[in-house]
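Colleague: Next up, input.json (JSON, C-alpha atoms).
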```
[["chain", "number", "residue", "atom", "x", "y", "z"],
["B", 1, "ALA", "CA", -148.65, 62.18, -111.16],
["B", 2, "LEU", "CA", -151.86, 60.44, -112.28],
["B", 3, "HIS", "CA", -151.04, 60.80, -115.97],
["B", 4, "ALA", "CA", -147.48, 59.58, -115.33],
["B", 5, "GLY", "CA", -148.73, 56.52, -113.45],
["B", 6, "GLU", "CA", -147.04, 57.60, -110.22],
["B", 7, "LEU", "CA", -150.36, 57.43, -108.35],
["B", 8, "ALA", "CA", -152.98, 54.71, -108.63],
["B", 9, "GLY", "CA", -155.78, 57.16, -107.96],
["B", 10, "ALA", "CA", -156.90, 60.37, -106.32],
["B", 11, "ALA", "CA", -160.23, 61.61, -104.95],
["B", 12, "LEU", "CA", -160.46, 65.36, -105.53],
["B", 13, "ASP", "CA", -163.01, 67.57, -103.79],
["B", 14, "VAL", "CA", -161.11, 70.88, -104.02],
["B", 15, "ALA", "CA", -159.30, 72.46, -106.95],
["B", 16, "ARG", "CA", -157.25, 75.61, -107.30],
["B", 17, "THR", "CA", -159.90, 77.00, -109.67],
["B", 18, "GLU", "CA", -163.52, 76.16, -108.96],
["B", 19, "PRO", "CA", -165.52, 75.08, -110.67],
["B", 20, "LEU", "CA", -162.91, 72.89, -112.34],
["B", 21, "PRO", "CA", -162.53, 74.21, -115.92],
["B", 22, "GLU", "CA", -163.98, 72.01, -118.66],
["B", 23, "ASP", "CA", -160.56, 71.70, -120.30],
["B", 24, "SER", "CA", -158.78, 70.58, -117.09],
["B", 25, "PRO", "CA", -156.69, 67.42, -117.59],
["B", 26, "LEU", "CA", -158.04, 66.16, -114.27],
["B", 27, "TRP", "CA", -161.39, 65.25, -115.89],
["B", 28, "ASP", "CA", -159.69, 62.56, -117.98],
["B", 29, "ALA", "CA", -156.84, 61.62, -115.64],
["B", 30, "PRO", "CA", -156.66, 57.87, -115.03],
["B", 31, "GLY", "CA", -157.83, 57.02, -111.53],
["B", 32, "ALA", "CA", -159.19, 60.51, -110.78],
["B", 33, "LEU", "CA", -162.50, 60.88, -108.97],
["B", 34, "VAL", "CA", -163.76, 64.47, -109.07],
["B", 35, "SER", "CA", -166.55, 65.47, -106.69],
["B", 36, "PRO", "CA", -168.54, 68.72, -106.77],
["B", 37, "HIS", "CA", -166.93, 70.14, -103.58],
["B", 38, "MET", "CA", -170.04, 69.44, -101.55],
["B", 39, "SER", "CA", -168.71, 66.89, -99.05],
["B", 40, "GLY", "CA", -169.72, 69.11, -96.14],
["B", 41, "ASP", "CA", -173.18, 69.98, -97.48],
["B", 42, "VAL", "CA", -175.43, 67.90, -95.24],
["B", 43, "VAL", "CA", -178.95, 68.44, -93.97],
["B", 44, "GLY", "CA", -178.85, 70.30, -90.66],
["B", 45, "TRP", "CA", -175.34, 71.77, -90.97],
["B", 46, "ARG", "CA", -176.59, 75.29, -90.24],
["B", 47, "ASP", "CA", -178.24, 74.18, -87.00],
["B", 48, "GLU", "CA", -175.05, 72.36, -85.97],
["B", 49, "LEU", "CA", -173.01, 75.47, -86.75],
["B", 50, "VAL", "CA", -175.31, 77.65, -84.63],
["B", 51, "ASP", "CA", -175.08, 75.12, -81.76],
["B", 52, "LEU", "CA", -171.27, 75.12, -82.00],
["B", 53, "PHE", "CA", -171.15, 78.93, -82.03],
["B", 54, "ALA", "CA", -173.46, 79.18, -78.99],
["B", 55, "ASP", "CA", -171.43, 76.58, -77.10],
["B", 56, "ASN", "CA", -168.16, 78.34, -77.96],
["B", 57, "LEU", "CA", -169.60, 81.70, -76.92],
["B", 58, "GLU", "CA", -170.48, 80.26, -73.50],
["B", 59, "ARG", "CA", -167.01, 78.69, -73.26],
["B", 60, "PHE", "CA", -165.35, 81.99, -74.24],
["B", 61, "LEU", "CA", -167.34, 83.94, -71.64],
["B", 62, "ASP", "CA", -166.48, 81.32, -68.99],
["B", 63, "GLY", "CA", -162.80, 81.26, -69.95],
["B", 64, "SER", "CA", -163.05, 77.58, -70.94],
["B", 65, "PRO", "CA", -161.25, 75.99, -73.92],
["B", 66, "LEU", "CA", -163.07, 76.42, -77.24],
["B", 67, "ARG", "CA", -164.16, 73.53, -79.47],
["B", 68, "ASN", "CA", -162.87, 73.00, -83.03],
["B", 69, "VAL", "CA", -159.98, 75.45, -82.81],
["B", 70, "VAL", "CA", -157.84, 75.40, -85.97],
["B", 71, "ASP", "CA", -154.13, 74.77, -85.41],
["B", 72, "LYS", "CA", -152.75, 77.58, -87.56],
["B", 73, "ARG", "CA", -149.45, 75.74, -88.15],
["B", 74, "ARG", "CA", -151.23, 72.65, -89.42],
["B", 75, "GLY", "CA", -154.19, 74.39, -91.05],
["B", 76, "TYR", "CA", -156.87, 72.15, -89.53],
["B", 77, "VAL", "CA", -158.54, 71.19, -86.23],
["B", 78, "SER", "CA", -155.98, 68.93, -84.61],
["B", 79, "GLY", "CA", -157.79, 67.53, -81.61],
["B", 80, "PRO", "CA", -161.10, 66.85, -79.86]]
```
As structure tokens - that is how I would like this structure written.

Modeller:
Amino acid sequence: ALHAGELAGAALDVARTEPLPEDSPLWDAPGALVSPHMSGDVVGWRDELVDLFADNLERFLDGSPLRNVVDKRRGYVSGP
């Protein structure tokens, strides 16, 4: 779609094959921005993940709703 001019641009963080092969047409596609698939790599993410796990464990043991539950039909967390 980029090469055909159907899209003005695309920001790509994930590809079917990673790392993106050197001969991929996406590297030279007009309007394509290719990132190194590190958008979630931030300082402190491990601590935040441990905190979320501990909170969800307490919620699970209490029978309370869990945080960040993935909607399996949608494939992502759909609510607060």

Colleague: Please report the interatomic distance between CA of Leu26 (chain B) and CA of Gly75 (chain B) in Å with one decimal.

Modeller: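 Between these atoms lies a distance of 24.9 Å.
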
Colleague: Using all atoms of region 58-68 of chain B that appear in the file, construct an axis-aligned enclosing box with 5 Å of padding on every side and provide its centre coordinates and edge lengths in Å, rounded to one decimal, as JSON.

Modeller:
```
{"center_x": -165.9, "center_y": 78.5, "center_z": -76.0, "size_x": 19.2, "size_y": 20.9, "size_z": 24.0}
```

Colleague: Within 9 Å of Ala32 (chain B), counting only C-alpha atoms, which residues qualify if same-chain residues fewer than 4 places away don't, as a list of chain:residue names?

Modeller: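 With the cut-off at 9 Å, the set is B:Leu2, B:Ala8, B:Gly9, B:Ala10, B:Ala11, B:Leu12, B:Leu26, B:Trp27, B:Asp28.
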
Colleague: Write out, as a short mmCIF file (atom, residue, chain, number, x, y, z; two decimals), in the frame of the given file, the residues just selected, with C-alpha atoms.

Modeller:
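Output below, filename result_28.cif:
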```cif
data_model
loop_
_atom_site.label_atom_id
_atom_site.label_comp_id
_atom_site.auth_asym_id
_atom_site.auth_seq_id
_atom_site.Cartn_x
_atom_site.Cartn_y
_atom_site.Cartn_z
CA LEU B 2 -151.86 60.44 -112.28
CA ALA B 8 -152.98 54.71 -108.63
CA GLY B 9 -155.78 57.16 -107.96
CA ALA B 10 -156.90 60.37 -106.32
CA ALA B 11 -160.23 61.61 -104.95
CA LEU B 12 -160.46 65.36 -105.53
CA LEU B 26 -158.04 66.16 -114.27
CA TRP B 27 -161.39 65.25 -115.89
CA ASP B 28 -159.69 62.56 -117.98
#
```

Colleague: Which of these, B:Ala1, B:Gly31, B:Phe53, B:Pro36, has the shortest distance to Glu18 (chain B) once you count all atoms listed in the file?

Modeller: B:Pro36

Colleague: For CA of Tyr76 (chain B) and CA of Gly5 (chain B), quote the distance in Å rounded to one decimal.

Modeller: 29.7 Å

Colleague: Can I get region 17-41 of chain B with N, CA and C atoms filled in, as a PDB file, keeping the file's coordinate frame?

Modeller:
```
ATOM      1  N   THR B  17    -158.860  76.200-109.023  1.00  0.00           N
ATOM      2  CA  THR B  17    -159.900  77.000-109.670  1.00  0.00           C
ATOM      3  C   THR B  17    -161.195  76.213-109.605  1.00  0.00           C
ATOM      4  N   GLU B  18    -162.223  76.828-109.037  1.00  0.00           N
ATOM      5  CA  GLU B  18    -163.520  76.160-108.960  1.00  0.00           C
ATOM      6  C   GLU B  18    -164.583  77.057-109.570  1.00  0.00           C
ATOM      7  N   PRO B  19    -165.490  76.496-110.337  1.00  0.00           N
ATOM      8  CA  PRO B  19    -165.520  75.080-110.670  1.00  0.00           C
ATOM      9  C   PRO B  19    -164.335  74.691-111.543  1.00  0.00           C
ATOM     10  N   LEU B  20    -164.020  73.406-111.542  1.00  0.00           N
ATOM     11  CA  LEU B  20    -162.910  72.890-112.340  1.00  0.00           C
ATOM     12  C   LEU B  20    -163.197  73.188-113.809  1.00  0.00           C
ATOM     13  N   PRO B  21    -162.289  73.856-114.503  1.00  0.00           N
ATOM     14  CA  PRO B  21    -162.530  74.210-115.920  1.00  0.00           C
ATOM     15  C   PRO B  21    -162.789  72.970-116.775  1.00  0.00           C
ATOM     16  N   GLU B  22    -163.627  73.127-117.780  1.00  0.00           N
ATOM     17  CA  GLU B  22    -163.980  72.010-118.660  1.00  0.00           C
ATOM     18  C   GLU B  22    -162.760  71.400-119.344  1.00  0.00           C
ATOM     19  N   ASP B  23    -161.733  72.208-119.596  1.00  0.00           N
ATOM     20  CA  ASP B  23    -160.560  71.700-120.300  1.00  0.00           C
ATOM     21  C   ASP B  23    -159.459  71.193-119.351  1.00  0.00           C
ATOM     22  N   SER B  24    -159.776  71.065-118.048  1.00  0.00           N
ATOM     23  CA  SER B  24    -158.780  70.580-117.090  1.00  0.00           C
ATOM     24  C   SER B  24    -158.404  69.138-117.402  1.00  0.00           C
ATOM     25  N   PRO B  25    -157.114  68.805-117.369  1.00  0.00           N
ATOM     26  CA  PRO B  25    -156.690  67.420-117.590  1.00  0.00           C
ATOM     27  C   PRO B  25    -157.135  66.474-116.482  1.00  0.00           C
ATOM     28  N   LEU B  26    -157.596  67.018-115.364  1.00  0.00           N
ATOM     29  CA  LEU B  26    -158.040  66.160-114.270  1.00  0.00           C
ATOM     30  C   LEU B  26    -159.312  65.386-114.641  1.00  0.00           C
ATOM     31  N   TRP B  27    -160.153  65.942-115.509  1.00  0.00           N
ATOM     32  CA  TRP B  27    -161.390  65.250-115.890  1.00  0.00           C
ATOM     33  C   TRP B  27    -161.098  63.893-116.534  1.00  0.00           C
ATOM     34  N   ASP B  28    -160.015  63.798-117.265  1.00  0.00           N
ATOM     35  CA  ASP B  28    -159.690  62.560-117.980  1.00  0.00           C
ATOM     36  C   ASP B  28    -158.492  61.818-117.379  1.00  0.00           C
ATOM     37  N   ALA B  29    -158.011  62.266-116.246  1.00  0.00           N
ATOM     38  CA  ALA B  29    -156.840  61.620-115.640  1.00  0.00           C
ATOM     39  C   ALA B  29    -157.212  60.217-115.175  1.00  0.00           C
ATOM     40  N   PRO B  30    -156.364  59.238-115.463  1.00  0.00           N
ATOM     41  CA  PRO B  30    -156.660  57.870-115.030  1.00  0.00           C
ATOM     42  C   PRO B  30    -156.667  57.774-113.507  1.00  0.00           C
ATOM     43  N   GLY B  31    -157.731  57.191-112.972  1.00  0.00           N
ATOM     44  CA  GLY B  31    -157.830  57.020-111.530  1.00  0.00           C
ATOM     45  C   GLY B  31    -158.332  58.225-110.770  1.00  0.00           C
ATOM     46  N   ALA B  32    -158.722  59.299-111.465  1.00  0.00           N
ATOM     47  CA  ALA B  32    -159.190  60.510-110.780  1.00  0.00           C
ATOM     48  C   ALA B  32    -160.697  60.436-110.544  1.00  0.00           C
ATOM     49  N   LEU B  33    -161.094  60.724-109.320  1.00  0.00           N
ATOM     50  CA  LEU B  33    -162.500  60.880-108.970  1.00  0.00           C
ATOM     51  C   LEU B  33    -162.698  62.336-108.585  1.00  0.00           C
ATOM     52  N   VAL B  34    -163.535  63.046-109.322  1.00  0.00           N
ATOM     53  CA  VAL B  34    -163.760  64.470-109.070  1.00  0.00           C
ATOM     54  C   VAL B  34    -165.162  64.640-108.506  1.00  0.00           C
ATOM     55  N   SER B  35    -165.246  65.218-107.303  1.00  0.00           N
ATOM     56  CA  SER B  35    -166.550  65.470-106.690  1.00  0.00           C
ATOM     57  C   SER B  35    -166.873  66.956-106.799  1.00  0.00           C
ATOM     58  N   PRO B  36    -168.134  67.323-106.580  1.00  0.00           N
ATOM     59  CA  PRO B  36    -168.540  68.720-106.770  1.00  0.00           C
ATOM     60  C   PRO B  36    -168.263  69.644-105.592  1.00  0.00           C
ATOM     61  N   HIS B  37    -167.286  69.324-104.741  1.00  0.00           N
ATOM     62  CA  HIS B  37    -166.930  70.140-103.580  1.00  0.00           C
ATOM     63  C   HIS B  37    -168.150  70.402-102.700  1.00  0.00           C
ATOM     64  N   MET B  38    -168.863  69.333-102.397  1.00  0.00           N
ATOM     65  CA  MET B  38    -170.040  69.440-101.550  1.00  0.00           C
ATOM     66  C   MET B  38    -169.994  68.423-100.410  1.00  0.00           C
ATOM     67  N   SER B  39    -168.806  67.940-100.066  1.00  0.00           N
ATOM     68  CA  SER B  39    -168.710  66.890 -99.050  1.00  0.00           C
ATOM     69  C   SER B  39    -169.246  67.337 -97.697  1.00  0.00           C
ATOM     70  N   GLY B  40    -169.231  68.629 -97.420  1.00  0.00           N
ATOM     71  CA  GLY B  40    -169.720  69.110 -96.140  1.00  0.00           C
ATOM     72  C   GLY B  40    -171.155  69.596 -96.187  1.00  0.00           C
ATOM     73  N   ASP B  41    -171.811  69.492 -97.330  1.00  0.00           N
ATOM     74  CA  ASP B  41    -173.180  69.980 -97.480  1.00  0.00           C
ATOM     75  C   ASP B  41    -174.168  68.905 -97.055  1.00  0.00           C
TER      76      ASP B  41
END
```
